[in-house]
Structures are given as C-alpha cells and as structure tokens.
file model.txt (compact mmCIF, C-alpha atoms)
# COMPACT_ATOMS: atom_id res chain seq x y z
CA MET A 1 -46.88 83.61 -3.61
CA GLY A 2 -45.00 86.77 -4.43
CA LYS A 3 -41.29 87.20 -4.03
CA LEU A 4 -39.41 89.13 -1.37
CA ILE A 5 -37.40 91.93 -2.94
CA GLN A 6 -34.52 93.15 -0.76
CA VAL A 7 -33.72 96.84 -0.90
CA ARG A 8 -30.13 97.56 0.08
CA MET A 9 -28.63 100.81 1.33
CA GLY A 10 -29.28 103.65 -1.08
CA GLU A 11 -31.56 101.57 -3.30
CA LEU A 12 -35.17 102.11 -4.21
CA LYS A 13 -37.46 99.40 -5.61
CA ILE A 14 -41.00 99.41 -6.96
CA SER A 15 -43.29 96.42 -7.27
CA GLU A 16 -46.90 95.28 -6.95
CA THR A 17 -49.04 92.66 -5.25
CA PRO A 18 -48.32 89.88 -4.26
CA ASP A 19 -44.64 90.79 -3.80
CA GLN A 20 -43.01 91.97 -0.60
CA LEU A 21 -40.35 94.65 -0.21
CA GLY A 22 -37.81 94.47 2.61
CA CYS A 23 -34.80 96.11 4.26
CA THR A 24 -32.39 94.22 6.53
CA GLY A 25 -30.60 95.90 9.40
CA LEU A 26 -31.83 99.49 9.36
CA GLY A 27 -29.84 101.58 11.83
CA SER A 28 -29.91 105.34 11.32
CA CYS A 29 -31.24 104.70 7.80
CA ILE A 30 -34.95 104.96 7.03
CA GLY A 31 -37.05 102.38 5.23
CA LEU A 32 -39.78 104.44 3.55
CA VAL A 33 -42.75 102.82 1.83
CA ILE A 34 -45.10 104.76 -0.42
CA TYR A 35 -48.17 102.78 -1.48
CA ASP A 36 -51.38 102.98 -3.47
CA SER A 37 -53.79 100.57 -1.77
CA ASP A 38 -56.26 100.60 -4.68
CA LYS A 39 -53.73 99.66 -7.33
CA LYS A 40 -51.63 97.69 -4.82
CA VAL A 41 -48.40 99.09 -6.18
CA GLY A 42 -45.75 100.51 -3.92
CA GLY A 43 -42.12 101.36 -3.54
CA LEU A 44 -39.53 101.12 -0.80
CA ALA A 45 -36.52 103.42 -0.45
CA HIS A 46 -33.57 102.64 1.88
CA ILE A 47 -32.63 106.23 2.71
CA ILE A 48 -29.16 106.95 4.14
CA LEU A 49 -29.07 110.74 4.59
CA PRO A 50 -31.51 113.67 4.55
CA GLU A 51 -30.07 115.61 1.61
CA ALA A 52 -27.65 115.10 -1.23
CA GLY A 53 -24.38 116.90 -0.67
CA LYS A 54 -22.38 118.48 -3.46
CA ASN A 55 -20.70 115.17 -4.24
CA GLY A 56 -23.87 113.10 -4.19
CA LYS A 57 -24.14 110.70 -7.11
CA HIS A 58 -27.87 110.43 -6.66
CA LYS A 59 -28.46 109.63 -10.32
CA THR A 60 -27.21 106.06 -9.78
CA LYS A 61 -28.69 105.57 -6.31
CA PRO A 62 -31.98 107.48 -6.19
CA GLY A 63 -32.89 105.95 -2.80
CA LYS A 64 -29.93 107.38 -0.98
CA TYR A 65 -31.13 110.86 -0.02
CA ALA A 66 -34.59 111.76 1.29
CA ASN A 67 -34.91 114.87 -0.88
CA ILE A 68 -34.21 112.87 -4.06
CA ALA A 69 -35.86 109.57 -3.09
CA ILE A 70 -39.34 110.88 -2.29
CA PRO A 71 -40.11 112.75 -5.55
CA PHE A 72 -38.50 109.88 -7.47
CA LEU A 73 -40.70 107.29 -5.70
CA ILE A 74 -43.87 109.28 -6.41
CA GLU A 75 -42.97 109.72 -10.07
CA GLU A 76 -42.16 106.03 -10.56
CA LEU A 77 -45.40 104.97 -8.84
CA GLU A 78 -47.44 107.25 -11.08
CA LYS A 79 -45.76 105.64 -14.10
CA LYS A 80 -47.01 102.30 -12.75
CA GLY A 81 -50.56 103.62 -12.68
CA ALA A 82 -50.79 104.79 -9.08
CA ARG A 83 -52.86 107.91 -8.36
CA LYS A 84 -51.14 110.56 -6.30
CA ASP A 85 -54.30 111.17 -4.21
CA ASN A 86 -54.33 107.53 -3.15
CA LEU A 87 -50.73 107.39 -1.97
CA TRP A 88 -49.84 106.98 1.67
CA ALA A 89 -46.59 106.24 3.47
CA LYS A 90 -45.23 104.06 6.24
CA MET A 91 -41.74 104.39 7.62
CA ALA A 92 -39.30 102.81 10.09
CA GLY A 93 -35.69 103.27 11.18
CA GLY A 94 -33.81 106.41 12.13
CA ALA A 95 -32.34 104.83 15.26
CA HIS A 96 -29.76 106.51 17.43
CA MET A 97 -27.25 103.65 17.60
CA PHE A 98 -24.30 105.34 19.29
CA SER A 99 -24.44 107.68 22.21
CA PHE A 100 -21.62 110.11 22.68
CA GLU A 101 -21.18 113.01 25.02
CA THR A 102 -21.70 115.47 22.18
CA ASP A 103 -24.58 114.39 20.06
CA ASN A 104 -24.38 116.65 17.06
CA ASP A 105 -22.30 113.91 15.49
CA ILE A 106 -23.05 110.36 14.42
CA GLY A 107 -26.02 109.89 16.77
CA ARG A 108 -28.10 112.68 15.28
CA ILE A 109 -28.22 111.31 11.72
CA GLY A 110 -31.13 108.97 12.44
CA GLU A 111 -33.20 111.71 14.00
CA ARG A 112 -32.48 114.15 11.17
CA ASN A 113 -33.38 111.46 8.65
CA ALA A 114 -36.78 110.83 10.26
CA GLU A 115 -37.56 114.55 10.54
CA THR A 116 -36.60 115.34 6.97
CA VAL A 117 -38.57 112.43 5.50
CA GLN A 118 -41.69 113.57 7.36
CA GLU A 119 -41.24 117.19 6.26
CA ILE A 120 -40.87 116.24 2.61
CA LEU A 121 -43.87 113.88 2.75
CA LYS A 122 -45.90 116.76 4.16
CA GLU A 123 -44.83 119.03 1.29
CA TRP A 124 -46.00 116.38 -1.15
CA LYS A 125 -49.24 115.93 0.86
CA ILE A 126 -48.64 112.24 1.43
CA PRO A 127 -50.16 111.06 4.74
CA VAL A 128 -48.06 108.89 7.04
CA LYS A 129 -50.19 105.92 8.12
CA GLY A 130 -47.58 104.22 10.26
CA LEU A 131 -44.28 105.19 11.80
CA ASP A 132 -41.73 103.42 13.99
CA CYS A 133 -38.68 105.64 14.26
CA GLY A 134 -35.98 106.47 16.77
CA GLY A 135 -34.88 104.36 19.71
CA LYS A 136 -31.49 102.72 20.02
CA SER A 137 -32.06 99.46 18.15
CA GLY A 138 -31.71 98.24 14.60
CA ARG A 139 -34.74 97.07 12.63
CA THR A 140 -35.51 94.65 9.82
CA ILE A 141 -38.68 95.44 7.86
CA LYS A 142 -40.93 93.72 5.34
CA PHE A 143 -43.83 95.36 3.50
CA SER A 144 -46.62 93.36 1.93
CA LEU A 145 -47.84 94.91 -1.31
CA GLU A 146 -50.92 92.73 -0.98
CA THR A 147 -52.15 93.81 2.45
CA GLY A 148 -50.28 97.10 2.98
CA GLU A 149 -48.90 95.80 6.28
CA LEU A 150 -45.41 96.73 7.42
CA LEU A 151 -43.77 94.10 9.61
CA ILE A 152 -40.99 95.40 11.84
CA LYS A 153 -38.52 93.18 13.67
CA THR A 154 -36.47 94.96 16.32
CA PHE A 155 -33.56 93.17 17.88
CA HIS A 156 -34.50 91.67 21.27
CA LYS A 157 -37.82 93.48 21.19
CA GLY A 158 -39.83 91.19 18.97
CA VAL A 159 -42.07 91.92 16.04
CA LYS A 160 -44.71 94.55 15.42
CA ILE A 161 -47.02 95.24 12.53
CA LEU A 162 -48.03 98.67 11.34
CA MET B 163 -14.01 115.67 -0.23
CA GLY B 164 -15.06 112.15 -1.08
CA ASP B 165 -12.85 112.20 -4.13
CA GLN B 166 -9.85 112.34 -1.86
CA VAL B 167 -10.41 108.73 -0.89
CA SER B 168 -10.77 107.40 -4.41
CA ARG B 169 -7.75 109.39 -5.58
CA LEU B 170 -5.37 107.49 -3.29
CA THR B 171 -2.55 105.87 -5.25
CA PRO B 172 -1.48 102.24 -4.71
CA PHE B 173 1.67 103.62 -3.10
CA GLN B 174 -0.38 105.65 -0.63
CA LEU B 175 -2.62 102.69 0.16
CA ASP B 176 0.54 100.70 0.89
CA ALA B 177 1.76 103.44 3.19
CA MET B 178 -1.58 103.42 5.05
CA ARG B 179 -1.45 99.64 5.29
CA GLU B 180 2.01 99.90 6.80
CA LEU B 181 0.75 102.37 9.39
CA GLY B 182 -2.05 99.91 10.14
CA ASN B 183 0.40 97.04 10.37
CA ILE B 184 2.54 98.66 13.02
CA GLY B 185 -0.52 99.88 14.93
CA ALA B 186 -2.18 96.48 14.87
CA GLY B 187 1.01 94.73 15.99
CA ASN B 188 1.10 96.98 18.99
CA SER B 189 -2.59 96.31 19.73
CA ALA B 190 -2.18 92.55 19.45
CA THR B 191 0.68 92.63 21.97
CA ALA B 192 -1.38 94.73 24.38
CA LEU B 193 -4.39 92.41 24.11
CA ALA B 194 -2.18 89.35 24.60
CA GLN B 195 -0.80 90.88 27.79
CA PHE B 196 -4.27 91.77 29.05
CA LEU B 197 -5.71 88.32 28.42
CA GLY B 198 -2.54 86.37 29.16
CA ARG B 199 -3.03 84.50 25.89
CA GLU B 200 -1.42 84.33 22.51
CA ILE B 201 -3.27 86.54 20.04
CA GLN B 202 -3.08 86.05 16.29
CA MET B 203 -3.27 89.08 14.10
CA GLU B 204 -4.11 89.20 10.43
CA VAL B 205 -1.93 91.39 8.21
CA PRO B 206 -4.01 94.55 7.91
CA SER B 207 -5.65 95.63 4.71
CA ALA B 208 -6.36 99.18 3.55
CA ARG B 209 -9.62 99.05 1.64
CA ILE B 210 -11.62 101.71 -0.08
CA LEU B 211 -15.26 100.79 0.44
CA SER B 212 -18.27 102.38 -1.14
CA LEU B 213 -20.98 103.28 1.37
CA GLU B 214 -23.16 100.43 0.14
CA GLU B 215 -20.47 97.83 0.82
CA ILE B 216 -19.90 98.86 4.43
CA PRO B 217 -22.93 97.08 6.03
CA GLN B 218 -21.70 93.72 4.72
CA ILE B 219 -18.14 93.67 6.04
CA MET B 220 -19.03 91.36 8.93
CA GLY B 221 -20.83 88.90 6.67
CA GLY B 222 -24.62 88.86 6.96
CA GLU B 223 -26.39 92.09 7.79
CA GLU B 224 -28.44 90.31 10.46
CA THR B 225 -25.38 88.83 12.21
CA PHE B 226 -25.56 89.84 15.86
CA VAL B 227 -22.42 91.69 16.96
CA GLY B 228 -21.03 93.73 19.80
CA CYS B 229 -19.41 96.98 18.75
CA VAL B 230 -17.16 99.39 20.60
CA LEU B 231 -16.88 102.69 18.79
CA PHE B 232 -14.44 105.51 19.50
CA ARG B 233 -14.03 108.89 17.95
CA VAL B 234 -10.45 109.81 17.17
CA LEU B 235 -9.78 113.43 18.10
CA GLY B 236 -6.78 115.58 17.29
CA GLU B 237 -4.85 116.23 14.10
CA ALA B 238 -6.34 113.32 12.20
CA PRO B 239 -9.98 112.84 13.26
CA GLY B 240 -11.80 109.65 12.45
CA LYS B 241 -13.43 106.60 13.99
CA ILE B 242 -12.17 103.40 15.51
CA VAL B 243 -14.56 100.46 15.43
CA TYR B 244 -14.06 97.14 17.21
CA LEU B 245 -16.52 94.40 16.28
CA VAL B 246 -17.00 91.00 17.91
CA GLU B 247 -19.49 88.47 16.65
CA GLU B 248 -21.97 87.19 19.26
CA ASN B 249 -20.47 83.76 20.02
CA SER B 250 -16.93 85.12 20.08
CA MET B 251 -18.11 87.81 22.46
CA ASP B 252 -19.23 85.23 25.04
CA ARG B 253 -15.90 83.41 24.75
CA LEU B 254 -13.88 86.61 24.90
CA LEU B 255 -15.72 87.67 28.06
CA THR B 256 -15.14 84.29 29.65
CA LEU B 257 -11.42 84.77 29.06
CA ALA B 258 -11.36 88.39 30.19
CA LEU B 259 -13.45 87.93 33.32
CA GLY B 260 -12.23 84.45 34.20
CA GLN B 261 -15.76 83.09 34.54
CA GLU B 262 -18.63 81.93 32.36
CA THR B 263 -20.88 84.82 31.49
CA GLY B 264 -23.72 82.99 29.83
CA SER B 265 -25.44 84.95 27.15
CA ILE B 266 -26.55 87.87 29.29
CA ILE B 267 -24.55 91.01 28.72
CA GLY B 268 -24.82 93.13 31.84
CA GLU B 269 -22.93 96.15 33.13
CA MET B 270 -19.80 94.18 33.97
CA GLU B 271 -19.68 92.54 30.55
CA ARG B 272 -20.23 95.85 28.78
CA SER B 273 -17.46 97.49 30.69
CA ALA B 274 -15.10 94.54 30.07
CA LEU B 275 -15.71 94.81 26.33
CA GLN B 276 -15.23 98.56 26.41
CA GLU B 277 -11.97 98.01 28.24
CA ILE B 278 -10.77 95.56 25.59
CA GLY B 279 -11.71 98.12 22.95
CA ASN B 280 -9.82 100.76 24.93
CA ILE B 281 -6.67 98.66 25.10
CA LEU B 282 -6.73 97.93 21.38
CA SER B 283 -7.47 101.44 20.22
CA GLY B 284 -5.14 103.09 22.74
CA SER B 285 -2.16 101.04 21.68
CA PHE B 286 -3.07 101.43 18.01
CA LEU B 287 -3.29 105.23 18.28
CA ASN B 288 -0.11 105.33 20.29
CA SER B 289 1.91 103.84 17.49
CA ILE B 290 0.20 106.04 14.88
CA ASN B 291 1.13 109.06 17.02
CA LYS B 292 4.73 107.88 17.22
CA MET B 293 4.98 107.48 13.46
CA THR B 294 3.24 110.72 12.54
CA GLY B 295 4.24 112.98 15.42
CA PHE B 296 0.54 113.64 16.06
CA ASN B 297 -1.18 113.79 19.42
CA CYS B 298 -4.41 112.03 18.56
CA VAL B 299 -6.56 110.82 21.44
CA GLN B 300 -9.63 108.64 21.60
CA SER B 301 -13.03 109.58 23.00
CA LEU B 302 -14.82 107.54 25.63
CA PRO B 303 -16.16 104.36 24.08
CA SER B 304 -19.73 103.91 22.94
CA PHE B 305 -20.89 100.31 23.16
CA VAL B 306 -23.78 98.81 21.24
CA MET B 307 -25.04 95.31 20.49
CA ASP B 308 -27.23 94.85 17.48
CA MET B 309 -27.41 93.61 13.90
CA ALA B 310 -24.16 94.19 12.02
CA GLY B 311 -26.08 95.86 9.19
CA ALA B 312 -27.72 98.38 11.50
CA ILE B 313 -24.45 99.28 13.23
CA LEU B 314 -22.34 99.45 10.09
CA GLY B 315 -25.10 101.16 8.11
CA SER B 316 -25.12 103.94 10.70
CA ILE B 317 -21.35 104.28 10.37
CA ALA B 318 -21.74 104.36 6.58
CA ALA B 319 -24.34 107.13 6.90
CA TYR B 320 -21.86 109.13 8.93
CA GLU B 321 -19.13 108.63 6.32
CA GLY B 322 -21.69 109.51 3.64
CA GLN B 323 -21.56 113.10 4.87
CA PHE B 324 -18.00 113.27 3.50
CA GLY B 325 -18.33 111.39 0.24
CA GLU B 326 -19.23 108.24 -1.60
CA SER B 327 -16.55 105.99 -0.14
CA ALA B 328 -14.37 105.61 2.92
CA LEU B 329 -10.97 104.14 3.66
CA PHE B 330 -11.05 101.24 6.12
CA LEU B 331 -7.82 100.07 7.73
CA GLU B 332 -8.90 96.61 8.76
CA THR B 333 -7.35 93.84 10.77
CA SER B 334 -8.61 90.91 12.78
CA PHE B 335 -7.52 89.58 16.13
CA SER B 336 -8.16 85.99 17.10
CA GLU B 337 -7.45 83.58 19.90
CA GLY B 338 -7.24 80.15 18.35
CA ASN B 339 -7.87 77.89 21.34
CA ASN B 340 -11.13 79.56 22.21
CA LYS B 341 -12.26 80.36 18.66
CA ILE B 342 -12.48 84.07 19.27
CA PHE B 343 -12.62 86.27 16.19
CA SER B 344 -12.88 90.02 16.15
CA LYS B 345 -12.34 92.83 13.69
CA PHE B 346 -10.77 96.20 14.23
CA PHE B 347 -11.11 99.22 11.93
CA LEU B 348 -9.64 102.67 11.72
CA ILE B 349 -11.70 104.95 9.50
CA PRO B 350 -9.89 108.26 9.02
CA GLU B 351 -11.95 111.18 7.80
CA PRO B 352 -10.97 112.19 4.25
CA GLY B 353 -9.14 115.32 5.45
CA SER B 354 -7.12 113.22 7.90
CA LEU B 355 -5.79 110.93 5.20
CA GLU B 356 -3.85 113.71 3.58
CA LYS B 357 -2.33 114.76 6.90
CA MET B 358 -1.35 111.24 7.82
CA LEU B 359 0.25 110.60 4.43
CA GLU B 360 2.11 113.86 4.60
CA ALA B 361 3.36 113.13 8.12
CA ILE B 362 4.89 109.84 7.03
CA GLY B 363 6.29 111.34 3.83
CA ALA B 364 3.93 109.50 1.50
CA GLU B 365 2.03 112.40 -0.01
CA GLY B 366 3.53 111.80 -3.45
CA ASP B 367 4.95 108.68 -5.06
CA GLY B 368 8.28 108.66 -3.24
CA GLN B 369 9.68 106.43 -0.56
CA ILE B 370 8.14 106.09 2.87
CA ASP B 371 10.30 107.74 5.47
CA PRO B 372 8.76 107.09 8.87
CA GLY B 373 11.59 108.94 10.60
CA SER B 374 11.03 112.28 8.92
CA ASN B 375 8.72 113.59 11.59
CA GLY B 376 10.42 112.19 14.59
call {"tool": "encode", "arguments": {"input": "model.txt", "output": "structure tokens"}}
result
Amino acid sequence: MGKLIQVRMGELKISETPDQLGCTGLGSCIGLVIYDSDKKVGGLAHIILPEAGKNGKHKTKPGKYANIAIPFLIEELEKKGARKDNLWAKMAGGAHMFSFETDNDIGRIGERNAETVQEILKEWKIPVKGLDCGGKSGRTIKFSLETGELLIKTFHKGVKIL
Amino acid sequence: MGDQVSRLTPFQLDAMRELGNIGAGNSATALAQFLGREIQMEVPSARILSLEEIPQIMGGEETFVGCVLFRVLGEAPGKIVYLVEENSMDRLLTLALGQETGSIIGEMERSALQEIGNILSGSFLNSINKMTGFNCVQSLPSFVMDMAGAILGSIAAYEGQFGESALFLETSFSEGNNKIFSKFFLIPEPGSLEKMLEAIGAEGDGQIDPGSNG
C-alpha cells in the first residue's frame, strides 16, 4: 500500500506508484495532475492564481501560480525519468464560490485559473484526459499513481472518478 | 503591496486590534438584541496570516461551514467574513427562527443567516466609521455552505492578488447555553490599512488618538 501525500495550497509534490496524491478543500484553486502512465510517476500542484505578480515568491512555493507550476512540474517529472511525450494531465477545481452582483472580483478567480491552466498545458502540448472544473462547490481530490484515476469528492454531490 | 501587511509595527497591530475590539463589542450587542440572548465575545486578535495558513483558520479544511461574505466599499475596501460551523448553524437558526430547522438549509434559513451576518457587519462597520470618519458601506451578502478549506482557500486566492499575506481582524461570538460558536473577520485590503491607521492617528509609533478625526 502506498501512502497518501497531501498537497496544500501553493505546494507541488511528485511521487510514483503506489502512492496517492491529494488536495483537500479546493475552492477557486486548481488541483492539477501531470502523469506518465508508462513510468507511473506523476505530480500534483495546488494552484492558487493564474500568474505570479510582481511580489510573487514563487521560488519557495512553485505550485502557487499556473505559469510557474506547469513548467516546473514537467521538468521535475523528466528528472524522475518521465518522457514528455507520455505526459497527460487531469485537473479539478476552479469553482465560483461566491456570487456577487459584479463578478470581475472574487468569483472570477476560479474561472481564470481553469482557463489559464488549460492554455498553458496546450502550449506545452500536454493533453487533458479529464477535467472537472467550475460550478459552485468545493472539491476534495485524490490521484492514484498506480491506476491514473482521479477521485473527486464534491460536497453534497457525491464522488466521481475521472 | 503585500509588503505593507508584513511591515506593520506591533504598535499598529495594537491599534488595529483596538479598532476591532470596539467594532466587535458593538456587533455583540446588536446580535444579543436580535436574538434576545446573552452573547459572549472573544477579545479580537489582529493576525497577519500567510496565504497558506488561511484555509486552516476554522480547524480542519473539510469542516462543513456556513459563510456570509460581504465586500466593504468606500474609503477602506476589504472583506467581511462570518463563519459558522455546521452544528452551530443549526442551533443558531433554531434560536433566530424560534423553531427547529433540522439539517435542511432552505431559503428561509439562508436569509436568516444572511440577516445575522448583516447585523454583525453593519454594526461593526458603523463603529469603524465613527472612529475613522469614513463612510464605508457593505455590499449585499453572498452566502455559501461548503468545506472550510474551499471557502477560505478562495478568499486566500483573492488576497493573493495583493501579496503574500493578509491582515485578519478576528473575533468569535458564542452563545453558551446553546453551544453556538461563530467567527467574524474583517480583512482590509493592503491599501486600506494605511488609511485606517492614518485616520486613527496610528501611522507612526505615537499614541492612538481616536478623537483626531471626529
């Protein structure tokens, strides 16, 4: 039995079969998995925002911003022996938790996160094999590095597997 | 901008705490009048939290909570967040509505919780306005029930647009007989902090003079 490695806000963790990687309580954040199913190594980033601002201390928390996290994940996976051509991604989160009359504010972060992650993955030619983004509810996710399955628990809406 | 928060001196944190103390006292009185019960209030704290710490302030990230969120508009923009843990929420609603609500949160329960949030934040802002001479108002409430981590993580992401940490003025309101616990936060945007401190005469290391701005 592998262990369950929790990835907190802004963190990024890499491991291999038979471990599991998980995020608890994703709201507007994105849990992004990149995985090589041949080597069975993968990484999970708990992304908070699309891009690092001028003050971003991304050196200490590489998982925090989509534009830093994705290249970092790919590089780390290649160091672990993954082949870039084999990599694919699964992602969940990016919920719109609060609705306000003007939605260019807090509500839009989740949506922008999901869009940016997909754009960057496309630039890196990494196919997205599963996606559960948006909505109004928080999610808890668990990724099996053995099977490549992403288990998603949404509050009051049960469990689904991608 | 984020540096502004971490540059706050102990004296300035004290001044913010004092603002919070007077605001929270006002809120506790208003809630007590609304519910017709005695409300206990914890002495507020002014904490600088890094983004990563924010999702854990209610305990476990999977704790189910109800949250009423307001935007603060005016001279010192920010957010007000009122959080009630699931079991407390049922008991609070029973008190507010005068009948058992069970565990189903329908329209009436939502609006009762929003109203409680309104009372707390309105009276809190009122006293901040009196002390600073500002005319801050609150937005309509946004109500959500979910995992604490998902709610607070989304708030952290919002604050993350300003910097690496945020100032939380935190207090808790409880009703002992019915075991109701709830937490109330004011999260000023970094630019607002400076204005608030200036308005109460605490921009430097001197004495607080709440009367200076009327």
call {"tool": "atom_distance", "arguments": {"input": "model.txt", "atom1": "CA of Gly63 (chain A)", "atom2": "CA of Ile47 (chain A)"}}
result
5.5 Å
call {"tool": "interface_residues", "arguments": {"input": "model.txt", "of": "chain A", "to": "chain B", "cutoff": "7 Å", "atoms": "all atoms listed in the file", "output": "number ranges by chain"}}
result
A: 9, 24-29, 48-49, 55, 97-100, 106, 137-138, 155
call {"tool": "write_last_selection", "arguments": {"input": "model.txt", "atoms": "C-alpha atoms", "output": "CSV table (one decimal), keeping the file's coordinate frame"}}
result
chain,number,residue,atom,x,y,z
A,9,MET,CA,-28.6,100.8,1.3
A,24,THR,CA,-32.4,94.2,6.5
A,25,GLY,CA,-30.6,95.9,9.4
A,26,LEU,CA,-31.8,99.5,9.4
A,27,GLY,CA,-29.8,101.6,11.8
A,28,SER,CA,-29.9,105.3,11.3
A,29,CYS,CA,-31.2,104.7,7.8
A,48,ILE,CA,-29.2,107.0,4.1
A,49,LEU,CA,-29.1,110.7,4.6
A,55,ASN,CA,-20.7,115.2,-4.2
A,97,MET,CA,-27.2,103.6,17.6
A,98,PHE,CA,-24.3,105.3,19.3
A,99,SER,CA,-24.4,107.7,22.2
A,100,PHE,CA,-21.6,110.1,22.7
A,106,ILE,CA,-23.0,110.4,14.4
A,137,SER,CA,-32.1,99.5,18.2
A,138,GLY,CA,-31.7,98.2,14.6
A,155,PHE,CA,-33.6,93.2,17.9
call {"tool": "atom_distance", "arguments": {"input": "model.txt", "atom1": "CA of Ala364 (chain B)", "atom2": "CA of Ser189 (chain B)"}}
result
23.4 Å
call {"tool": "residues_around", "arguments": {"input": "model.txt", "residues": "Ile14 (chain A)", "least_positions_apart": "5", "cutoff": "7 Å", "atoms": "only C-alpha atoms", "output": "number ranges by chain"}}
result
A: 42-44
call {"tool": "atom_distance", "arguments": {"input": "model.txt", "atom1": "CA of Ala52 (chain A)", "atom2": "CA of Gly94 (chain A)"}}
result
17.1 Å
call {"tool": "closest_residue", "arguments": {"input": "model.txt", "among": "A:Gly22, A:Lys61, A:Asp85, A:Pro71", "to": "Lys39 (chain A)", "atoms": "all atoms listed in the file"}}
result
A:Asp85
call {"tool": "residues_around", "arguments": {"input": "model.txt", "residues": "Gly134 (chain A)", "least_positions_apart": "3", "cutoff": "8 Å", "atoms": "all atoms listed in the file", "output": "PyMOL selection string"}}
result
chain A and resi 93-96+110-111+114
call {"tool": "residues_around", "arguments": {"input": "model.txt", "residues": "region 125-131 of chain A", "least_positions_apart": "2", "cutoff": "10 Å", "atoms": "only C-alpha atoms", "output": "compact mmCIF listing (two decimals) with C-alpha atoms, keeping the file's coordinate frame"}}
result
# COMPACT_ATOMS: atom_id res chain seq x y z
CA LEU A 32 -39.78 104.44 3.55
CA VAL A 33 -42.75 102.82 1.83
CA ILE A 34 -45.10 104.76 -0.42
CA TYR A 35 -48.17 102.78 -1.48
CA ILE A 74 -43.87 109.28 -6.41
CA LYS A 84 -51.14 110.56 -6.30
CA ASP A 85 -54.30 111.17 -4.21
CA ASN A 86 -54.33 107.53 -3.15
CA LEU A 87 -50.73 107.39 -1.97
CA TRP A 88 -49.84 106.98 1.67
CA ALA A 89 -46.59 106.24 3.47
CA LYS A 90 -45.23 104.06 6.24
CA MET A 91 -41.74 104.39 7.62
CA ALA A 92 -39.30 102.81 10.09
CA GLY A 93 -35.69 103.27 11.18
CA ALA A 114 -36.78 110.83 10.26
CA GLN A 118 -41.69 113.57 7.36
CA GLU A 119 -41.24 117.19 6.26
CA ILE A 120 -40.87 116.24 2.61
CA LEU A 121 -43.87 113.88 2.75
CA LYS A 122 -45.90 116.76 4.16
CA GLU A 123 -44.83 119.03 1.29
CA CYS A 133 -38.68 105.64 14.26
CA GLY A 134 -35.98 106.47 16.77
CA GLU A 149 -48.90 95.80 6.28
CA LEU A 150 -45.41 96.73 7.42
CA ILE A 161 -47.02 95.24 12.53
CA LEU A 162 -48.03 98.67 11.34
call {"tool": "closest_residue", "arguments": {"input": "model.txt", "among": "B:Glu351, B:Glu247, B:Glu277, B:Glu204", "to": "Ile219 (chain B)", "atoms": "only C-alpha atoms"}}
result
B:Glu247
call {"tool": "decode", "arguments": {"input": "model.txt", "residues": "region 352-363 of chain B", "atoms": "N, CA and C atoms", "output": "mmCIF file, in the first residue's frame"}}
result
data_model
loop_
_atom_site.group_PDB
_atom_site.id
_atom_site.type_symbol
_atom_site.label_atom_id
_atom_site.label_comp_id
_atom_site.auth_asym_id
_atom_site.auth_seq_id
_atom_site.Cartn_x
_atom_site.Cartn_y
_atom_site.Cartn_z
ATOM 1 N N PRO B 352 -4.680 45.751 1.510
ATOM 2 C CA PRO B 352 -3.451 46.394 1.998
ATOM 3 C C PRO B 352 -3.496 47.923 1.941
ATOM 4 N N GLY B 353 -4.048 48.488 0.872
ATOM 5 C CA GLY B 353 -4.112 49.944 0.758
ATOM 6 C C GLY B 353 -5.010 50.567 1.824
ATOM 7 N N SER B 354 -6.006 49.795 2.283
ATOM 8 C CA SER B 354 -6.937 50.308 3.283
ATOM 9 C C SER B 354 -6.294 50.426 4.654
ATOM 10 N N LEU B 355 -5.355 49.530 4.920
ATOM 11 C CA LEU B 355 -4.708 49.508 6.235
ATOM 12 C C LEU B 355 -4.089 50.855 6.550
ATOM 13 N N GLU B 356 -3.359 51.357 5.565
ATOM 14 C CA GLU B 356 -2.666 52.623 5.736
ATOM 15 C C GLU B 356 -3.662 53.730 6.066
ATOM 16 N N LYS B 357 -4.773 53.740 5.301
ATOM 17 C CA LYS B 357 -5.780 54.785 5.503
ATOM 18 C C LYS B 357 -6.426 54.684 6.878
ATOM 19 N N MET B 358 -6.694 53.455 7.302
ATOM 20 C CA MET B 358 -7.331 53.284 8.599
ATOM 21 C C MET B 358 -6.395 53.736 9.714
ATOM 22 N N LEU B 359 -5.115 53.349 9.591
ATOM 23 C CA LEU B 359 -4.141 53.705 10.623
ATOM 24 C C LEU B 359 -3.948 55.216 10.680
ATOM 25 N N GLU B 360 -3.932 55.823 9.521
ATOM 26 C CA GLU B 360 -3.772 57.263 9.464
ATOM 27 C C GLU B 360 -4.978 57.960 10.115
ATOM 28 N N ALA B 361 -6.161 57.437 9.812
ATOM 29 C CA ALA B 361 -7.387 58.066 10.319
ATOM 30 C C ALA B 361 -7.474 58.012 11.841
ATOM 31 N N ILE B 362 -6.885 56.988 12.438
ATOM 32 C CA ILE B 362 -6.922 56.923 13.902
ATOM 33 C C ILE B 362 -5.608 57.422 14.515
ATOM 34 N N GLY B 363 -4.776 58.026 13.704
ATOM 35 C CA GLY B 363 -3.544 58.623 14.205
ATOM 36 C C GLY B 363 -2.509 57.599 14.622
#
